[in-house]
Structures are given as C-alpha cells and as structure tokens.
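For reference, upload_3.txt (compact mmCIF, N, CA and C atoms):
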# COMPACT_ATOMS: atom_id res chain seq x y z
N MET M 1057 -20.40 -38.96 91.88
CA MET M 1057 -19.04 -38.63 92.19
C MET M 1057 -18.67 -37.23 91.69
N GLN M 1058 -19.43 -36.70 90.76
CA GLN M 1058 -19.15 -35.39 90.21
C GLN M 1058 -19.21 -34.29 91.27
N VAL M 1059 -20.09 -34.43 92.26
CA VAL M 1059 -20.20 -33.44 93.33
C VAL M 1059 -18.88 -33.36 94.08
N TYR M 1060 -18.26 -34.50 94.38
CA TYR M 1060 -17.00 -34.50 95.10
C TYR M 1060 -15.88 -33.89 94.26
N ASP M 1061 -15.90 -34.14 92.98
CA ASP M 1061 -14.91 -33.52 92.09
C ASP M 1061 -15.06 -32.00 92.11
N THR M 1062 -16.30 -31.56 92.06
CA THR M 1062 -16.58 -30.13 92.05
C THR M 1062 -16.17 -29.48 93.36
N VAL M 1063 -16.49 -30.12 94.48
CA VAL M 1063 -16.15 -29.53 95.78
C VAL M 1063 -14.64 -29.53 95.98
N ASN M 1064 -13.95 -30.54 95.48
CA ASN M 1064 -12.49 -30.53 95.57
C ASN M 1064 -11.89 -29.41 94.73
N LYS M 1065 -12.50 -29.15 93.58
CA LYS M 1065 -12.04 -28.03 92.75
C LYS M 1065 -12.31 -26.71 93.46
N LEU M 1066 -13.47 -26.60 94.10
CA LEU M 1066 -13.80 -25.40 94.87
C LEU M 1066 -12.79 -25.20 96.00
N ALA M 1067 -12.45 -26.27 96.69
CA ALA M 1067 -11.47 -26.17 97.79
C ALA M 1067 -10.12 -25.66 97.26
N GLU M 1068 -9.71 -26.15 96.12
CA GLU M 1068 -8.45 -25.68 95.52
C GLU M 1068 -8.55 -24.21 95.12
N GLU M 1069 -9.69 -23.81 94.58
CA GLU M 1069 -9.88 -22.41 94.20
C GLU M 1069 -9.84 -21.51 95.42
N ILE M 1070 -10.44 -21.96 96.51
CA ILE M 1070 -10.40 -21.18 97.75
C ILE M 1070 -8.96 -21.04 98.22
N LYS M 1071 -8.20 -22.13 98.16
CA LYS M 1071 -6.81 -22.08 98.62
C LYS M 1071 -5.91 -21.20 97.75
N THR M 1072 -6.35 -20.89 96.55
CA THR M 1072 -5.55 -19.99 95.69
C THR M 1072 -6.16 -18.59 95.62
N SER M 1073 -7.23 -18.37 96.38
CA SER M 1073 -7.88 -17.06 96.35
C SER M 1073 -7.03 -16.02 97.07
N SER M 1074 -7.22 -14.77 96.72
CA SER M 1074 -6.48 -13.70 97.38
C SER M 1074 -6.84 -13.62 98.85
N GLU M 1075 -8.10 -13.93 99.18
CA GLU M 1075 -8.53 -13.90 100.58
C GLU M 1075 -7.76 -14.93 101.41
N TYR M 1076 -7.62 -16.12 100.87
CA TYR M 1076 -6.88 -17.18 101.57
C TYR M 1076 -5.41 -16.82 101.69
N MET M 1077 -4.82 -16.40 100.59
CA MET M 1077 -3.39 -16.08 100.59
C MET M 1077 -3.08 -14.90 101.51
N ASP M 1078 -3.94 -13.89 101.50
CA ASP M 1078 -3.73 -12.75 102.39
C ASP M 1078 -3.79 -13.16 103.85
N LEU M 1079 -4.75 -14.01 104.19
CA LEU M 1079 -4.86 -14.47 105.57
C LEU M 1079 -3.67 -15.35 105.94
N LYS M 1080 -3.28 -16.22 105.05
CA LYS M 1080 -2.13 -17.09 105.32
C LYS M 1080 -0.87 -16.26 105.57
N ASN M 1081 -0.64 -15.26 104.74
CA ASN M 1081 0.54 -14.40 104.90
C ASN M 1081 0.46 -13.58 106.18
N ALA M 1082 -0.71 -13.05 106.48
CA ALA M 1082 -0.88 -12.26 107.70
C ALA M 1082 -0.68 -13.14 108.93
N LYS M 1083 -1.18 -14.36 108.87
CA LYS M 1083 -1.02 -15.28 110.00
C LYS M 1083 0.44 -15.66 110.18
N GLN M 1084 1.16 -15.88 109.10
CA GLN M 1084 2.59 -16.20 109.20
C GLN M 1084 3.35 -15.02 109.81
N ALA M 1085 2.99 -13.81 109.44
CA ALA M 1085 3.65 -12.63 110.00
C ALA M 1085 3.39 -12.51 111.50
N ILE M 1086 2.17 -12.81 111.92
CA ILE M 1086 1.81 -12.76 113.34
C ILE M 1086 2.53 -13.87 114.11
N ASN M 1087 2.62 -15.05 113.53
CA ASN M 1087 3.20 -16.19 114.23
C ASN M 1087 4.69 -16.01 114.54
N ILE M 1088 5.38 -15.15 113.82
CA ILE M 1088 6.80 -14.93 114.12
C ILE M 1088 6.99 -13.82 115.15
N MET M 1089 5.87 -13.25 115.61
CA MET M 1089 5.91 -12.22 116.64
C MET M 1089 5.11 -12.71 117.84
N PRO M 1090 5.77 -13.41 118.77
CA PRO M 1090 5.05 -14.03 119.89
C PRO M 1090 4.16 -13.05 120.68
N GLU M 1091 4.60 -11.83 120.84
CA GLU M 1091 3.80 -10.85 121.58
C GLU M 1091 2.46 -10.61 120.89
N TYR M 1092 2.48 -10.45 119.58
CA TYR M 1092 1.26 -10.20 118.82
C TYR M 1092 0.38 -11.45 118.80
N LYS M 1093 1.02 -12.60 118.61
CA LYS M 1093 0.26 -13.85 118.59
C LYS M 1093 -0.45 -14.06 119.92
N ASN M 1094 0.24 -13.80 121.01
CA ASN M 1094 -0.36 -13.96 122.34
C ASN M 1094 -1.53 -13.01 122.54
N LYS M 1095 -1.40 -11.77 122.06
CA LYS M 1095 -2.49 -10.80 122.17
C LYS M 1095 -3.73 -11.30 121.43
N ILE M 1096 -3.53 -11.78 120.21
CA ILE M 1096 -4.64 -12.28 119.41
C ILE M 1096 -5.25 -13.52 120.06
N ASP M 1097 -4.42 -14.42 120.54
CA ASP M 1097 -4.93 -15.63 121.19
C ASP M 1097 -5.76 -15.28 122.42
N GLU M 1098 -5.28 -14.35 123.23
CA GLU M 1098 -6.01 -13.94 124.43
C GLU M 1098 -7.33 -13.27 124.05
N PHE M 1099 -7.29 -12.41 123.04
CA PHE M 1099 -8.50 -11.75 122.56
C PHE M 1099 -9.53 -12.77 122.09
N ASN M 1100 -9.09 -13.72 121.27
CA ASN M 1100 -10.00 -14.75 120.75
C ASN M 1100 -10.56 -15.62 121.87
N LYS M 1101 -9.74 -15.92 122.87
CA LYS M 1101 -10.20 -16.72 124.01
C LYS M 1101 -11.29 -15.97 124.78
N LEU M 1102 -11.06 -14.70 125.07
CA LEU M 1102 -12.06 -13.91 125.80
C LEU M 1102 -13.35 -13.76 124.99
N ARG M 1103 -13.20 -13.51 123.71
CA ARG M 1103 -14.36 -13.36 122.85
C ARG M 1103 -15.17 -14.66 122.79
N TYR M 1104 -14.49 -15.79 122.67
CA TYR M 1104 -15.16 -17.08 122.62
C TYR M 1104 -15.88 -17.36 123.93
N GLU M 1105 -15.20 -17.11 125.04
CA GLU M 1105 -15.81 -17.35 126.35
C GLU M 1105 -17.07 -16.51 126.53
N GLU M 1106 -17.02 -15.25 126.09
CA GLU M 1106 -18.20 -14.39 126.23
C GLU M 1106 -19.32 -14.84 125.31
N GLN M 1107 -19.00 -15.27 124.09
CA GLN M 1107 -20.03 -15.78 123.19
C GLN M 1107 -20.69 -17.03 123.77
N LEU M 1108 -19.88 -17.91 124.32
CA LEU M 1108 -20.40 -19.12 124.93
C LEU M 1108 -21.29 -18.79 126.13
N ASN M 1109 -20.83 -17.89 126.98
CA ASN M 1109 -21.61 -17.46 128.13
C ASN M 1109 -22.94 -16.84 127.70
N SER M 1110 -22.88 -16.01 126.68
CA SER M 1110 -24.08 -15.34 126.18
C SER M 1110 -25.08 -16.35 125.63
N MET M 1111 -24.60 -17.36 124.92
CA MET M 1111 -25.49 -18.39 124.37
C MET M 1111 -26.09 -19.23 125.49
N GLN M 1112 -25.32 -19.52 126.52
CA GLN M 1112 -25.80 -20.37 127.61
C GLN M 1112 -26.78 -19.64 128.53
N THR M 1113 -26.51 -18.35 128.79
CA THR M 1113 -27.33 -17.62 129.75
C THR M 1113 -28.35 -16.71 129.09
N GLY M 1114 -28.13 -16.40 127.83
CA GLY M 1114 -29.01 -15.45 127.14
C GLY M 1114 -28.72 -14.02 127.53
N LYS M 1115 -27.64 -13.80 128.26
CA LYS M 1115 -27.26 -12.46 128.70
C LYS M 1115 -25.84 -12.14 128.30
N THR M 1116 -25.58 -10.86 128.09
CA THR M 1116 -24.24 -10.39 127.77
C THR M 1116 -23.64 -9.74 129.00
N ASP M 1117 -22.40 -10.10 129.28
CA ASP M 1117 -21.68 -9.47 130.38
C ASP M 1117 -21.08 -8.17 129.85
N GLU M 1118 -21.71 -7.06 130.19
CA GLU M 1118 -21.32 -5.75 129.65
C GLU M 1118 -19.86 -5.41 129.98
N ALA M 1119 -19.41 -5.74 131.17
CA ALA M 1119 -18.03 -5.43 131.56
C ALA M 1119 -17.03 -6.21 130.69
N LYS M 1120 -17.34 -7.48 130.46
CA LYS M 1120 -16.45 -8.29 129.60
C LYS M 1120 -16.48 -7.79 128.16
N MET M 1121 -17.66 -7.41 127.69
CA MET M 1121 -17.76 -6.89 126.32
C MET M 1121 -16.98 -5.59 126.17
N LEU M 1122 -17.04 -4.74 127.15
CA LEU M 1122 -16.28 -3.49 127.12
C LEU M 1122 -14.79 -3.78 127.11
N ASN M 1123 -14.36 -4.75 127.90
CA ASN M 1123 -12.96 -5.14 127.93
C ASN M 1123 -12.52 -5.67 126.56
N ILE M 1124 -13.35 -6.50 125.95
CA ILE M 1124 -13.05 -7.05 124.62
C ILE M 1124 -12.97 -5.93 123.58
N GLN M 1125 -13.91 -5.00 123.64
CA GLN M 1125 -13.90 -3.87 122.70
C GLN M 1125 -12.65 -3.02 122.87
N ASN M 1126 -12.27 -2.77 124.12
CA ASN M 1126 -11.07 -1.97 124.37
C ASN M 1126 -9.81 -2.69 123.89
N MET M 1127 -9.76 -4.00 124.11
CA MET M 1127 -8.63 -4.79 123.60
C MET M 1127 -8.53 -4.66 122.08
N TYR M 1128 -9.68 -4.77 121.42
CA TYR M 1128 -9.70 -4.69 119.96
C TYR M 1128 -9.20 -3.33 119.49
N LYS M 1129 -9.68 -2.26 120.12
CA LYS M 1129 -9.25 -0.91 119.74
C LYS M 1129 -7.74 -0.74 119.87
N GLU M 1130 -7.18 -1.29 120.93
CA GLU M 1130 -5.73 -1.21 121.13
C GLU M 1130 -4.99 -2.04 120.08
N MET M 1131 -5.50 -3.22 119.82
CA MET M 1131 -4.82 -4.14 118.92
C MET M 1131 -4.80 -3.64 117.48
N ILE M 1132 -5.88 -3.00 117.04
CA ILE M 1132 -5.90 -2.57 115.63
C ILE M 1132 -5.01 -1.35 115.39
N GLU M 1133 -4.45 -0.81 116.44
CA GLU M 1133 -3.46 0.26 116.28
C GLU M 1133 -2.12 -0.32 115.81
N ILE M 1134 -1.96 -1.62 115.96
CA ILE M 1134 -0.74 -2.31 115.53
C ILE M 1134 -0.96 -2.77 114.09
N PRO M 1135 -0.19 -2.23 113.13
CA PRO M 1135 -0.46 -2.53 111.71
C PRO M 1135 -0.52 -4.02 111.36
N GLU M 1136 0.36 -4.83 111.93
CA GLU M 1136 0.36 -6.26 111.61
C GLU M 1136 -0.92 -6.94 112.11
N ILE M 1137 -1.38 -6.53 113.28
CA ILE M 1137 -2.60 -7.13 113.82
C ILE M 1137 -3.82 -6.65 113.04
N ARG M 1138 -3.83 -5.37 112.69
CA ARG M 1138 -4.93 -4.86 111.87
C ARG M 1138 -5.00 -5.61 110.54
N LYS M 1139 -3.86 -5.82 109.92
CA LYS M 1139 -3.81 -6.53 108.66
C LYS M 1139 -4.34 -7.96 108.83
N TYR M 1140 -3.97 -8.60 109.93
CA TYR M 1140 -4.46 -9.96 110.21
C TYR M 1140 -5.98 -9.97 110.37
N PHE M 1141 -6.50 -9.06 111.19
CA PHE M 1141 -7.95 -9.01 111.40
C PHE M 1141 -8.70 -8.70 110.11
N ASP M 1142 -8.17 -7.79 109.30
CA ASP M 1142 -8.80 -7.46 108.02
C ASP M 1142 -8.83 -8.68 107.10
N ALA M 1143 -7.70 -9.39 107.03
CA ALA M 1143 -7.60 -10.57 106.17
C ALA M 1143 -8.52 -11.68 106.68
N GLU M 1144 -8.60 -11.84 107.99
CA GLU M 1144 -9.46 -12.86 108.58
C GLU M 1144 -10.94 -12.56 108.26
N LEU M 1145 -11.31 -11.31 108.36
CA LEU M 1145 -12.69 -10.92 108.05
C LEU M 1145 -13.03 -11.20 106.59
N LYS M 1146 -12.15 -10.82 105.68
CA LYS M 1146 -12.40 -11.03 104.25
C LYS M 1146 -12.50 -12.52 103.92
N PHE M 1147 -11.66 -13.33 104.55
CA PHE M 1147 -11.72 -14.77 104.31
C PHE M 1147 -13.01 -15.36 104.86
N ASN M 1148 -13.41 -14.92 106.05
CA ASN M 1148 -14.66 -15.41 106.64
C ASN M 1148 -15.87 -15.00 105.81
N VAL M 1149 -15.83 -13.83 105.21
CA VAL M 1149 -16.92 -13.40 104.32
C VAL M 1149 -16.98 -14.32 103.10
N LEU M 1150 -15.82 -14.65 102.54
CA LEU M 1150 -15.78 -15.57 101.40
C LEU M 1150 -16.41 -16.90 101.76
N LEU M 1151 -16.02 -17.48 102.89
CA LEU M 1151 -16.58 -18.77 103.31
C LEU M 1151 -18.08 -18.67 103.57
N ALA M 1152 -18.50 -17.59 104.19
CA ALA M 1152 -19.93 -17.40 104.47
C ALA M 1152 -20.72 -17.28 103.16
N ASP M 1153 -20.16 -16.58 102.19
CA ASP M 1153 -20.82 -16.45 100.89
C ASP M 1153 -20.96 -17.81 100.20
N VAL M 1154 -19.90 -18.60 100.23
CA VAL M 1154 -19.95 -19.94 99.63
C VAL M 1154 -21.02 -20.77 100.32
N ASN M 1155 -21.03 -20.74 101.64
CA ASN M 1155 -22.03 -21.49 102.40
C ASN M 1155 -23.44 -21.01 102.08
N ARG M 1156 -23.63 -19.71 101.99
CA ARG M 1156 -24.95 -19.14 101.68
C ARG M 1156 -25.42 -19.59 100.30
N ILE M 1157 -24.53 -19.57 99.33
CA ILE M 1157 -24.87 -19.96 97.96
C ILE M 1157 -25.29 -21.43 97.92
N ILE M 1158 -24.54 -22.28 98.59
CA ILE M 1158 -24.88 -23.71 98.61
C ILE M 1158 -26.20 -23.93 99.35
N SER M 1159 -26.36 -23.28 100.49
CA SER M 1159 -27.60 -23.42 101.26
C SER M 1159 -28.81 -22.94 100.48
N GLU M 1160 -28.64 -21.86 99.77
CA GLU M 1160 -29.73 -21.31 98.95
C GLU M 1160 -30.13 -22.30 97.86
N ALA M 1161 -29.14 -22.99 97.30
CA ALA M 1161 -29.43 -23.93 96.22
C ALA M 1161 -30.23 -25.14 96.68
N VAL M 1162 -30.15 -25.49 97.95
CA VAL M 1162 -30.84 -26.68 98.43
C VAL M 1162 -31.91 -26.35 99.49
N LYS M 1163 -32.27 -25.10 99.57
CA LYS M 1163 -33.20 -24.69 100.62
C LYS M 1163 -34.57 -25.35 100.51
N ASP M 1164 -34.95 -25.74 99.31
CA ASP M 1164 -36.27 -26.35 99.14
C ASP M 1164 -36.42 -27.66 99.91
N ILE M 1165 -35.31 -28.38 100.13
CA ILE M 1165 -35.42 -29.62 100.88
C ILE M 1165 -35.04 -29.45 102.35
N LEU M 1166 -34.53 -28.28 102.71
CA LEU M 1166 -34.13 -28.03 104.10
C LEU M 1166 -35.26 -27.40 104.92
N SER M 1167 -36.26 -26.90 104.24
CA SER M 1167 -37.38 -26.23 104.94
C SER M 1167 -38.41 -27.20 105.41
For this file, produce the structure as structure tokens.
Amino acid sequence: MQVYDTVNKLAEEIKTSSEYMDLKNAKQAINIMPEYKNKIDEFNKLRYEEQLNSMQTGKTDEAKMLNIQNMYKEMIEIPEIRKYFDAELKFNVLLADVNRIISEAVKDILS
C-alpha cells in the first residue's frame, strides 16, 4: 500500500508545482476568451488529425503541416496564447520526466 501513498503524494506535489499552476492559470485566461480558445481548439484538432494520419499511413501531408506551422506562428504572436503554449510545454516536460524516471527504475523487468 505504500506505493499508492507515495503516488498520491506525488500527484499532490504535481498539482502544487509551478508548472501545473502556470498551466492552470494560462488555461483559465484562455477559457474566458472564446476567440483564443477556439483558435487553440482548432489548432489542436488539426495537429491531432495530422498525427493520426501520419501514424496510419506512415506519410506526412506537407500541405497540412505547413498550414499547422503557419497557424502556430500566427497564434504565438498573441501573448495569452504564447503564455498558454509555453506553460503547456513546461507541464508536459514535467510529466514526461516523471514518467521517464519511473520507467527507468523498472526497466529491468520491462525489457
């Protein structure tokens, strides 16, 4: 049962981390601006669709990728959206690091 206690403590620590709080605040700021929220939602939808297509076909649609890149360039000119993307990236790095550390600790039985 100690593992569950530890993971629950880790979850609480993540929820009080600056990465989590920054993302939460940035997301709240975006959510009160429907125009910005819609831009981000559309961007994420297109990006997801292209990733899915690429995984299924093994090919990248260059025109769609260029469109996604251009959307991103336009969006990061908006300070609130840039702040959101920066916070999202930092939080995702934190989660990836936690996952990497745990995976590394048990790699001997996963290989």
d(atom C of Thr1072 (chain M), CA of Lys1093 (chain M)) in Å = 24.3 Å
Shell around Met1127 (chain M) at 8 Å using all atoms listed in the file, local window under 6 positions removed, as a list in words | Phe1099, Met1121 and Glu1133 of chain M
For Glu1075 (chain M), which residue out of M:Lys1163, M:Lys1139, M:Arg1156, M:Lys1115 is the nearest one, using only C-alpha atoms?
-> M:Lys1139
Distance in Å - CA of Val1063 (chain M) versus atom N of Leu1145 (chain M) = 22.7 Å
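The coordinates place CA of Val1149 (chain M) at 23.5 Å from CA of Tyr1092 (chain M).
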